Amino acid sequence: MSYITLKNIHKAYGKDIIIPDLNLTIDDGTFTVLVGPSGCGKSTTLRMIAGLEKPTSGEIYIDNQNVVDVEPGKRGIAMVFQNYALYPTMSVKENIEFGLRNKKVPKEERIKLINDVSEIVGLTPYLGRKPSELSGGQRQRVALARAMVKKPKVFLMDEPLSNLDAKLRQQMRVELIELHKRLGATFIYVTHDQVEAMSMGDNIILMDKGIIMQRSSPKEMYHNPQNTYTAQFIGTPPMNIFDNMLENFKIGFRPEKTALKDPGDSLISIRGRIITREQLGAEMNCSVDTEYGKIMVKTEDDIDGEDCIIHVKEEHIFVFGNDGNRTGFASELKARLEKIRRGAGG
Amino acid sequence: MKSKEKLSLKGYLLIAPAIIFLFIFTVYPIFYLLNSSMRDGSLLSKKRNFIGFQNFKTLFRSVDFYITLKNTIIYSIGLVVILMILATLFAVWVNGKAQKRLNGITLAAVFTPHIVSLVSISTVFLWIMDPQIGALNFIIRSIGLRPFPFLASSKTALASLVAMMVWKSLGYYSLLILAALQGVPKDIYEAAEIDDTPKIRIFFRITLPMISPTLFFTAIVSTISSFQVFETVNLMTQGGPINSTNTLVYQIYSDAFKYLKLGPATAEAVVLLGLVGILTILYFVCLGKKVHYQ
């Protein structure tokens, strides 16, 4: 259990600046998810905390100790890799035991620890097998067991579920959340998958080009995006954002917060033509051509024909400034938006 | 049923050309060799009589043949052991993070002897290792040590041949091992680093097992080729001094083409064939289980 602080972290490979200036504190015992598109610096950040990469400048604190010059093995962390990184020549038991042997843990204690963790992750019947004889999910459990057995202060996970199939990923997500509750250690989890981020983290850090775009709880991420980047990264399909509705402002609304049948109290109504329909089950994704551009609509409203009117309620409208940052929804803006409804003819 | 037979006939037909060549160039010569080893006469005889295992009996009664065998085995073990250790260490060093560009140049330099013909190298080393005017003894003398006899003494000649072959083959085997090292996934090393593994333990518990298939292969290949050492012996020592560098293949050559004793020569060849075969099987039985294949 410990907290982590990154101070003025700068990381560059030659001339490529990956992370310009990162400041970050991760609280003790939290499940923090670093999320962002590939190349946003999330993995690099994690690897710097692990000690596998050195920051070009800046300081990393685990508890109160600056660990920049501390070897990865002495930082009190454990890491789970995307490709599991199991030792292929060793059995499951030897894989789990390897780190303990390095720490010179006595044999009886080693056996007890191995039995305990393999019980928790359900590996007891497979202890004698080689990683190549295990399925992807079992390998991931070995990687987890190997991390857990060291009783680290911090768990670092680098896209640990991305090699698993969808069903297993879902299951492992739940198991990881339970594991976090059981261990109470600090978890730092890197993923590019917003669903993983939203469902697992109690604290999400969204990064782009080495800069933190937003840091908040999953709920806040969705309901209260601080900028257009966050608004469009979280949610599928991404939020509709238009800069041609109001001068000097960007107007956004989520596809799932629109209606094709008039709910009666909508603020905006836009006339359009449906170009494509994507049936998802109960809901449908429609791509609608309007005078402002293409709008994505996700709705249960099933209408015949191609002509439609898209309705959006006031509470579902987000206003951003020209710089992309969220601004307040002044009543003056509301009046101007109402004109759009009248323009649609109702 | 009929179509199945047709299908298998088609299969046999398709592999027939390869099988025919295999018979002409591999199976037939082996039987010819076995047959010849049980006959008397020479390369020039019109008719060679069947004498059973007489050639083998003479061979195993001759003291010289045991010396030849001993030389071959010492040469082989010496060369393979030294070569494997040096090549592995060198490959690990070149694979290291530091001095990437310099490492490339070093590797090229060490690899170069491999592409030079063995005949040229033998000729050059005859001079380099010359006890009187050789370059090595010039250096040894200039730092105040006693000159080394190299090929001139029966005590050092075989070791000198081993040393020269190590110099020539090191680059080749290093390159093979280096390729294996670069095939080891980087994240395994990272995991080991996070597991706080000492460097020595990483080498023995991770690196060596991961490259074991290549080490196994190079061990077999270098053993087989070292058993067949011939050019260097022929060009540099002709088996001397006092039989100290006489090896199996050189003796086969001498018996067949110098003394025209085809029977004994082919009998020795059969012994060589058997030895290499047994060794390869031994490798597979003893080491095969320890080798990790992905």
# chains A, B, ... in the order shown; residues from 1 in each chain; ligands from 1
$ residues_around --residues "B:Asp196" --least-positions-apart "5" --cutoff "9 Å" --atoms "only C-alpha atoms" --output "PyMOL selection string"
(chain A and resi 71-74+99+102-103) or (chain B and resi 191)
$ write_last_selection --atoms "C-alpha atoms" --output "short mmCIF file (atom, residue, chain, number, x, y, z; two decimals), in the first residue's frame"
data_model
loop_
_atom_site.label_atom_id
_atom_site.label_comp_id
_atom_site.auth_asym_id
_atom_site.auth_seq_id
_atom_site.Cartn_x
_atom_site.Cartn_y
_atom_site.Cartn_z
CA GLU A 71 16.33 -0.81 -9.73
CA PRO A 72 12.91 -2.13 -10.82
CA GLY A 73 13.31 -5.15 -8.53
CA LYS A 74 13.83 -2.93 -5.47
CA GLY A 99 10.83 -13.89 -7.67
CA ASN A 102 15.54 -14.19 -5.79
CA LYS A 103 14.39 -12.63 -2.53
CA ALA B 191 9.80 -9.49 -15.95
#
$ select_by_dssp --residues "stretch 18-235 of chain A" --states "strand (DSSP E)" --output "VMD selection string"
chain A and resid 18 to 26 31 to 35 57 to 62 65 to 66 77 to 80 154 to 158 186 to 191 203 to 208 211 to 216
$ write_last_selection --atoms "C-alpha atoms" --output "PDB file, in the first residue's frame"
ATOM      1  CA  ILE A  18       6.628  11.462 -25.610  1.00  0.00           C
ATOM      2  CA  ILE A  19       5.750  13.236 -22.391  1.00  0.00           C
ATOM      3  CA  PRO A  20       6.399  16.983 -22.124  1.00  0.00           C
ATOM      4  CA  ASP A  21       5.698  17.643 -18.446  1.00  0.00           C
ATOM      5  CA  LEU A  22       3.681  15.256 -16.347  1.00  0.00           C
ATOM      6  CA  ASN A  23       2.586  15.844 -12.763  1.00  0.00           C
ATOM      7  CA  LEU A  24       0.500  13.239 -11.085  1.00  0.00           C
ATOM      8  CA  THR A  25      -0.311  11.750  -7.717  1.00  0.00           C
ATOM      9  CA  ILE A  26      -1.886   8.354  -7.350  1.00  0.00           C
ATOM     10  CA  PHE A  31      -7.493   1.478  -8.826  1.00  0.00           C
ATOM     11  CA  THR A  32      -6.189   4.023 -11.287  1.00  0.00           C
ATOM     12  CA  VAL A  33      -6.558   3.531 -15.013  1.00  0.00           C
ATOM     13  CA  LEU A  34      -4.342   5.279 -17.512  1.00  0.00           C
ATOM     14  CA  VAL A  35      -6.279   5.383 -20.742  1.00  0.00           C
ATOM     15  CA  SER A  57      14.088  14.451 -16.349  1.00  0.00           C
ATOM     16  CA  GLY A  58      11.805  14.648 -13.343  1.00  0.00           C
ATOM     17  CA  GLU A  59      11.195  12.682 -10.177  1.00  0.00           C
ATOM     18  CA  ILE A  60       9.130   9.649  -9.298  1.00  0.00           C
ATOM     19  CA  TYR A  61       8.191   9.026  -5.686  1.00  0.00           C
ATOM     20  CA  ILE A  62       6.838   5.811  -4.262  1.00  0.00           C
ATOM     21  CA  GLN A  65      11.296   7.806  -1.675  1.00  0.00           C
ATOM     22  CA  ASN A  66      12.548   9.149  -4.992  1.00  0.00           C
ATOM     23  CA  ILE A  77       6.190  -3.159  -7.420  1.00  0.00           C
ATOM     24  CA  ALA A  78       4.911  -6.034  -9.520  1.00  0.00           C
ATOM     25  CA  MET A  79       3.966  -5.870 -13.146  1.00  0.00           C
ATOM     26  CA  VAL A  80       1.626  -7.801 -15.410  1.00  0.00           C
ATOM     27  CA  VAL A 154       1.875  -1.432  -6.218  1.00  0.00           C
ATOM     28  CA  PHE A 155       0.498  -3.515  -9.064  1.00  0.00           C
ATOM     29  CA  LEU A 156       1.297  -2.243 -12.533  1.00  0.00           C
ATOM     30  CA  MET A 157      -0.707  -3.695 -15.386  1.00  0.00           C
ATOM     31  CA  ASP A 158       0.067  -2.981 -19.013  1.00  0.00           C
ATOM     32  CA  THR A 186      -2.512   0.342  -5.309  1.00  0.00           C
ATOM     33  CA  PHE A 187      -3.380  -0.744  -8.844  1.00  0.00           C
ATOM     34  CA  ILE A 188      -2.247   1.171 -11.904  1.00  0.00           C
ATOM     35  CA  TYR A 189      -3.786  -0.164 -15.040  1.00  0.00           C
ATOM     36  CA  VAL A 190      -2.990   0.867 -18.605  1.00  0.00           C
ATOM     37  CA  THR A 191      -5.475   0.324 -21.415  1.00  0.00           C
ATOM     38  CA  ASN A 203      -9.990   6.888 -10.910  1.00  0.00           C
ATOM     39  CA  ILE A 204      -9.388   7.439 -14.611  1.00  0.00           C
ATOM     40  CA  ILE A 205      -6.589   9.432 -16.172  1.00  0.00           C
ATOM     41  CA  LEU A 206      -7.179  10.166 -19.831  1.00  0.00           C
ATOM     42  CA  MET A 207      -3.995  11.024 -21.705  1.00  0.00           C
ATOM     43  CA  ASP A 208      -3.245  12.364 -25.157  1.00  0.00           C
ATOM     44  CA  ILE A 211      -0.731  15.355 -21.517  1.00  0.00           C
ATOM     45  CA  ILE A 212      -3.486  14.564 -19.030  1.00  0.00           C
ATOM     46  CA  MET A 213      -6.742  15.565 -20.716  1.00  0.00           C
ATOM     47  CA  GLN A 214      -8.956  14.761 -17.776  1.00  0.00           C
ATOM     48  CA  ARG A 215      -8.711  13.001 -14.491  1.00  0.00           C
ATOM     49  CA  SER A 216     -11.848  11.972 -12.683  1.00  0.00           C
TER      50      SER A 216
END
$ atom_distance --atom1 "atom CA of A:Lys107" --atom2 "atom CA of A:Ala85"
24.5 Å
$ interface_residues --of "chain B" --to "chain A" --cutoff "7 Å" --atoms "only C-alpha atoms" --output "short mmCIF file (atom, residue, chain, number, x, y, z; two decimals) with C-alpha atoms, in the first residue's frame"
data_model
loop_
_atom_site.label_atom_id
_atom_site.label_comp_id
_atom_site.auth_asym_id
_atom_site.auth_seq_id
_atom_site.Cartn_x
_atom_site.Cartn_y
_atom_site.Cartn_z
CA ASP B 187 9.53 -8.62 -21.87
CA ILE B 188 10.81 -11.83 -20.28
CA GLU B 190 11.84 -7.09 -18.04
CA ALA B 191 9.80 -9.49 -15.95
CA GLU B 193 14.26 -7.41 -13.78
CA ILE B 194 11.08 -6.69 -11.85
CA ASP B 195 11.52 -10.03 -10.08
CA ASP B 196 14.86 -8.64 -8.87
CA THR B 197 16.89 -11.39 -10.55
CA PRO B 209 17.31 -22.29 -21.56
CA MET B 210 15.79 -19.91 -24.11
CA HIS B 292 13.23 -26.19 -24.63
#
$ select_by_dssp --residues "stretch 25-191 of chain A" --states "helix (DSSP H, G or I)" --output "mmCIF file with C-alpha atoms, in the first residue's frame"
data_model
loop_
_atom_site.group_PDB
_atom_site.id
_atom_site.type_symbol
_atom_site.label_atom_id
_atom_site.label_comp_id
_atom_site.auth_asym_id
_atom_site.auth_seq_id
_atom_site.Cartn_x
_atom_site.Cartn_y
_atom_site.Cartn_z
ATOM 1 C CA LYS A 42 0.359 5.844 -20.944
ATOM 2 C CA SER A 43 2.563 2.757 -21.285
ATOM 3 C CA THR A 44 5.704 4.860 -21.065
ATOM 4 C CA THR A 45 4.386 6.392 -17.842
ATOM 5 C CA LEU A 46 3.714 2.958 -16.392
ATOM 6 C CA ARG A 47 7.119 1.666 -17.456
ATOM 7 C CA MET A 48 8.782 4.652 -15.838
ATOM 8 C CA ILE A 49 6.994 3.903 -12.580
ATOM 9 C CA ALA A 50 8.186 0.297 -12.937
ATOM 10 C CA PRO A 72 12.914 -2.134 -10.817
ATOM 11 C CA GLY A 73 13.307 -5.148 -8.526
ATOM 12 C CA LYS A 74 13.834 -2.934 -5.470
ATOM 13 C CA VAL A 92 3.772 -22.575 -13.553
ATOM 14 C CA LYS A 93 5.089 -23.233 -10.056
ATOM 15 C CA GLU A 94 8.624 -22.182 -10.984
ATOM 16 C CA ASN A 95 7.279 -19.058 -12.652
ATOM 17 C CA ILE A 96 5.501 -18.029 -9.476
ATOM 18 C CA GLU A 97 8.436 -19.064 -7.305
ATOM 19 C CA PHE A 98 11.145 -17.303 -9.323
ATOM 20 C CA GLY A 99 10.827 -13.891 -7.674
ATOM 21 C CA LEU A 100 10.616 -15.438 -4.201
ATOM 22 C CA ARG A 101 13.802 -17.406 -4.729
ATOM 23 C CA ASN A 102 15.536 -14.189 -5.785
ATOM 24 C CA LYS A 107 11.324 -22.938 1.261
ATOM 25 C CA GLU A 108 8.392 -23.633 3.605
ATOM 26 C CA GLU A 109 7.202 -20.071 3.273
ATOM 27 C CA ARG A 110 7.575 -20.206 -0.510
ATOM 28 C CA ILE A 111 5.435 -23.324 -0.740
ATOM 29 C CA LYS A 112 2.762 -21.779 1.474
ATOM 30 C CA LEU A 113 2.697 -18.548 -0.564
ATOM 31 C CA ILE A 114 2.525 -20.421 -3.869
ATOM 32 C CA ASN A 115 -0.310 -22.611 -2.622
ATOM 33 C CA ASP A 116 -2.200 -19.582 -1.359
ATOM 34 C CA VAL A 117 -2.008 -17.555 -4.566
ATOM 35 C CA SER A 118 -2.620 -20.478 -6.882
ATOM 36 C CA GLU A 119 -5.742 -21.190 -4.859
ATOM 37 C CA ILE A 120 -6.920 -17.596 -5.255
ATOM 38 C CA THR A 124 -3.684 -25.304 -8.316
ATOM 39 C CA PRO A 125 -4.307 -28.109 -10.870
ATOM 40 C CA TYR A 126 -1.851 -26.571 -13.341
ATOM 41 C CA PRO A 131 3.058 -21.928 -19.987
ATOM 42 C CA SER A 132 2.849 -23.293 -23.538
ATOM 43 C CA GLU A 133 0.378 -25.917 -22.295
ATOM 44 C CA GLY A 136 -4.507 -17.450 -22.750
ATOM 45 C CA GLY A 137 -6.683 -16.929 -19.702
ATOM 46 C CA GLN A 138 -4.674 -19.391 -17.614
ATOM 47 C CA ARG A 139 -1.430 -17.731 -18.666
ATOM 48 C CA GLN A 140 -2.801 -14.401 -17.555
ATOM 49 C CA ARG A 141 -3.634 -15.941 -14.188
ATOM 50 C CA VAL A 142 -0.061 -17.193 -13.875
ATOM 51 C CA ALA A 143 1.157 -13.664 -14.581
ATOM 52 C CA LEU A 144 -1.217 -12.384 -11.896
ATOM 53 C CA ALA A 145 -0.127 -15.041 -9.419
ATOM 54 C CA ARG A 146 3.507 -14.224 -10.092
ATOM 55 C CA ALA A 147 2.761 -10.595 -9.306
ATOM 56 C CA MET A 148 0.624 -11.313 -6.238
ATOM 57 C CA ALA A 166 -14.179 -10.793 -25.382
ATOM 58 C CA LYS A 167 -15.959 -13.175 -23.017
ATOM 59 C CA LEU A 168 -12.872 -14.019 -20.996
ATOM 60 C CA ARG A 169 -11.917 -10.358 -20.853
ATOM 61 C CA GLN A 170 -15.271 -9.547 -19.282
ATOM 62 C CA GLN A 171 -14.751 -12.278 -16.692
ATOM 63 C CA MET A 172 -11.174 -11.242 -15.896
ATOM 64 C CA ARG A 173 -12.298 -7.622 -15.495
ATOM 65 C CA VAL A 174 -14.597 -8.657 -12.695
ATOM 66 C CA GLU A 175 -11.903 -10.840 -11.147
ATOM 67 C CA LEU A 176 -9.386 -8.005 -11.205
ATOM 68 C CA ILE A 177 -11.836 -5.658 -9.487
ATOM 69 C CA GLU A 178 -12.422 -8.301 -6.802
ATOM 70 C CA LEU A 179 -8.698 -8.870 -6.485
ATOM 71 C CA HIS A 180 -8.137 -5.174 -5.941
ATOM 72 C CA LYS A 181 -10.743 -5.126 -3.171
ATOM 73 C CA ARG A 182 -9.237 -8.190 -1.547
ATOM 74 C CA LEU A 183 -5.615 -7.007 -1.642
#
$ residues_around --residues "A:Glu291" --least-positions-apart "4" --cutoff "9 Å" --atoms "only C-alpha atoms" --output "ChimeraX atom specification"
/A:270-272
$ write_last_selection --atoms "C-alpha atoms" --output "PDB file, in the first residue's frame"
ATOM      1  CA  ILE A 270     -32.587  19.296 -36.495  1.00  0.00           C
ATOM      2  CA  ARG A 271     -34.024  18.068 -39.754  1.00  0.00           C
ATOM      3  CA  GLY A 272     -31.997  15.385 -41.530  1.00  0.00           C
TER       4      GLY A 272
END
$ residues_around --residues "B:Ser76" --least-positions-apart "6" --cutoff "8 Å" --atoms "only C-alpha atoms" --output "list of chain:residue names"
B:Thr223, B:Ser226, B:Phe227
$ residues_around --residues "stretch 241-243 of chain A" --least-positions-apart "2" --cutoff "12 Å" --atoms "only C-alpha atoms" --output "JSON, numbers by chain"
{"A": [227, 228, 229, 230, 231, 232, 237, 238, 239, 245, 246, 247, 248, 249, 250, 251, 252, 253, 254, 255, 290, 291, 292, 293, 294, 295, 296, 317, 318, 319, 320, 321, 322, 323, 324, 326]}
$ write_last_selection --atoms "N, CA and C atoms" --output "compact mmCIF listing (two decimals), in the first residue's frame"
# COMPACT_ATOMS: atom_id res chain seq x y z
N ASN A 227 -13.48 18.66 -21.70
CA ASN A 227 -13.08 19.19 -23.01
C ASN A 227 -13.60 18.27 -24.11
N THR A 228 -13.47 18.71 -25.34
CA THR A 228 -14.02 17.95 -26.46
C THR A 228 -13.30 16.62 -26.62
N TYR A 229 -11.99 16.59 -26.26
CA TYR A 229 -11.23 15.34 -26.40
C TYR A 229 -11.84 14.24 -25.53
N THR A 230 -12.04 14.57 -24.27
CA THR A 230 -12.63 13.60 -23.34
C THR A 230 -14.03 13.23 -23.80
N ALA A 231 -14.80 14.25 -24.23
CA ALA A 231 -16.18 14.02 -24.65
C ALA A 231 -16.23 13.02 -25.78
N GLN A 232 -15.26 13.12 -26.68
CA GLN A 232 -15.30 12.23 -27.84
C GLN A 232 -14.59 10.90 -27.60
N PRO A 237 -21.23 5.47 -30.01
CA PRO A 237 -20.28 6.24 -30.82
C PRO A 237 -19.89 7.53 -30.11
N PRO A 238 -18.81 8.18 -30.53
CA PRO A 238 -18.36 9.39 -29.83
C PRO A 238 -19.41 10.51 -29.89
N MET A 239 -19.24 11.48 -28.99
CA MET A 239 -20.18 12.60 -28.92
C MET A 239 -20.19 13.38 -30.23
N MET A 245 -22.90 25.54 -35.26
CA MET A 245 -24.27 25.83 -34.78
C MET A 245 -24.32 27.22 -34.16
N LEU A 246 -23.30 27.52 -33.33
CA LEU A 246 -23.21 28.84 -32.70
C LEU A 246 -21.82 29.38 -32.95
N GLU A 247 -21.74 30.66 -33.22
CA GLU A 247 -20.44 31.25 -33.46
C GLU A 247 -19.61 31.24 -32.18
N ASN A 248 -18.33 30.93 -32.28
CA ASN A 248 -17.38 30.95 -31.16
C ASN A 248 -17.64 29.86 -30.10
N PHE A 249 -18.56 28.98 -30.36
CA PHE A 249 -18.81 27.90 -29.39
C PHE A 249 -18.91 26.57 -30.13
N LYS A 250 -18.65 25.52 -29.39
CA LYS A 250 -18.88 24.18 -29.94
C LYS A 250 -20.00 23.54 -29.15
N ILE A 251 -20.92 22.95 -29.86
CA ILE A 251 -22.08 22.35 -29.20
C ILE A 251 -21.97 20.83 -29.33
N GLY A 252 -22.11 20.14 -28.21
CA GLY A 252 -22.00 18.69 -28.25
C GLY A 252 -23.18 18.00 -27.61
N PHE A 253 -23.53 16.86 -28.13
CA PHE A 253 -24.53 16.00 -27.48
C PHE A 253 -24.24 14.56 -27.87
N ARG A 254 -24.54 13.65 -26.94
CA ARG A 254 -24.19 12.25 -27.16
C ARG A 254 -25.22 11.57 -28.05
N PRO A 255 -24.77 10.65 -28.91
CA PRO A 255 -25.70 9.95 -29.81
C PRO A 255 -26.83 9.26 -29.05
N THR A 290 -27.25 16.16 -42.01
CA THR A 290 -28.00 17.39 -41.70
C THR A 290 -27.25 18.58 -42.27
N GLU A 291 -27.84 19.75 -42.11
CA GLU A 291 -27.19 20.95 -42.63
C GLU A 291 -25.91 21.28 -41.88
N TYR A 292 -25.75 20.75 -40.64
CA TYR A 292 -24.53 21.01 -39.86
C TYR A 292 -23.45 19.95 -40.11
N GLY A 293 -23.82 18.90 -40.80
CA GLY A 293 -22.89 17.81 -41.01
C GLY A 293 -23.52 16.50 -40.57
N LYS A 294 -22.69 15.46 -40.45
CA LYS A 294 -23.21 14.15 -40.11
C LYS A 294 -23.43 14.04 -38.60
N ILE A 295 -24.59 13.55 -38.19
CA ILE A 295 -24.88 13.37 -36.77
C ILE A 295 -25.12 11.88 -36.52
N MET A 296 -24.49 11.35 -35.46
CA MET A 296 -24.75 9.96 -35.07
C MET A 296 -25.90 9.94 -34.07
N ILE A 317 -27.11 18.80 -23.49
CA ILE A 317 -26.25 19.59 -24.38
C ILE A 317 -25.02 20.08 -23.62
N PHE A 318 -23.87 19.88 -24.25
CA PHE A 318 -22.60 20.34 -23.68
C PHE A 318 -22.08 21.49 -24.53
N VAL A 319 -21.56 22.53 -23.86
CA VAL A 319 -21.03 23.66 -24.60
C VAL A 319 -19.52 23.76 -24.34
N PHE A 320 -18.78 23.87 -25.42
CA PHE A 320 -17.32 24.01 -25.31
C PHE A 320 -16.89 25.29 -25.99
N GLY A 321 -15.82 25.89 -25.48
CA GLY A 321 -15.28 27.08 -26.14
C GLY A 321 -14.52 26.67 -27.39
N ASN A 322 -14.04 27.68 -28.10
CA ASN A 322 -13.30 27.38 -29.33
C ASN A 322 -12.02 26.60 -29.06
N ASP A 323 -11.44 26.77 -27.85
CA ASP A 323 -10.21 26.05 -27.51
C ASP A 323 -10.50 24.59 -27.13
N GLY A 324 -11.78 24.21 -27.16
CA GLY A 324 -12.12 22.83 -26.85
C GLY A 324 -12.47 22.61 -25.39
N ARG A 326 -14.55 23.01 -21.86
CA ARG A 326 -15.95 23.14 -21.49
C ARG A 326 -16.23 24.55 -20.94
$ residues_around --residues "B:Leu248" --least-positions-apart "5" --cutoff "9 Å" --atoms "only C-alpha atoms" --output "MDAnalysis selection string"
chainID B and resid 65 68:69 71:72 227:230 253 268:269 271:272
$ residues_around --residues "B:Ser36" --least-positions-apart "5" --cutoff "12 Å" --atoms "only C-alpha atoms" --output "PyMOL selection string"
chain B and resi 28-31+41-43+47-56+256+261-270
$ atom_distance --atom1 "atom CA of A:Tyr3" --atom2 "atom CA of A:Asp63"
5.3 Å
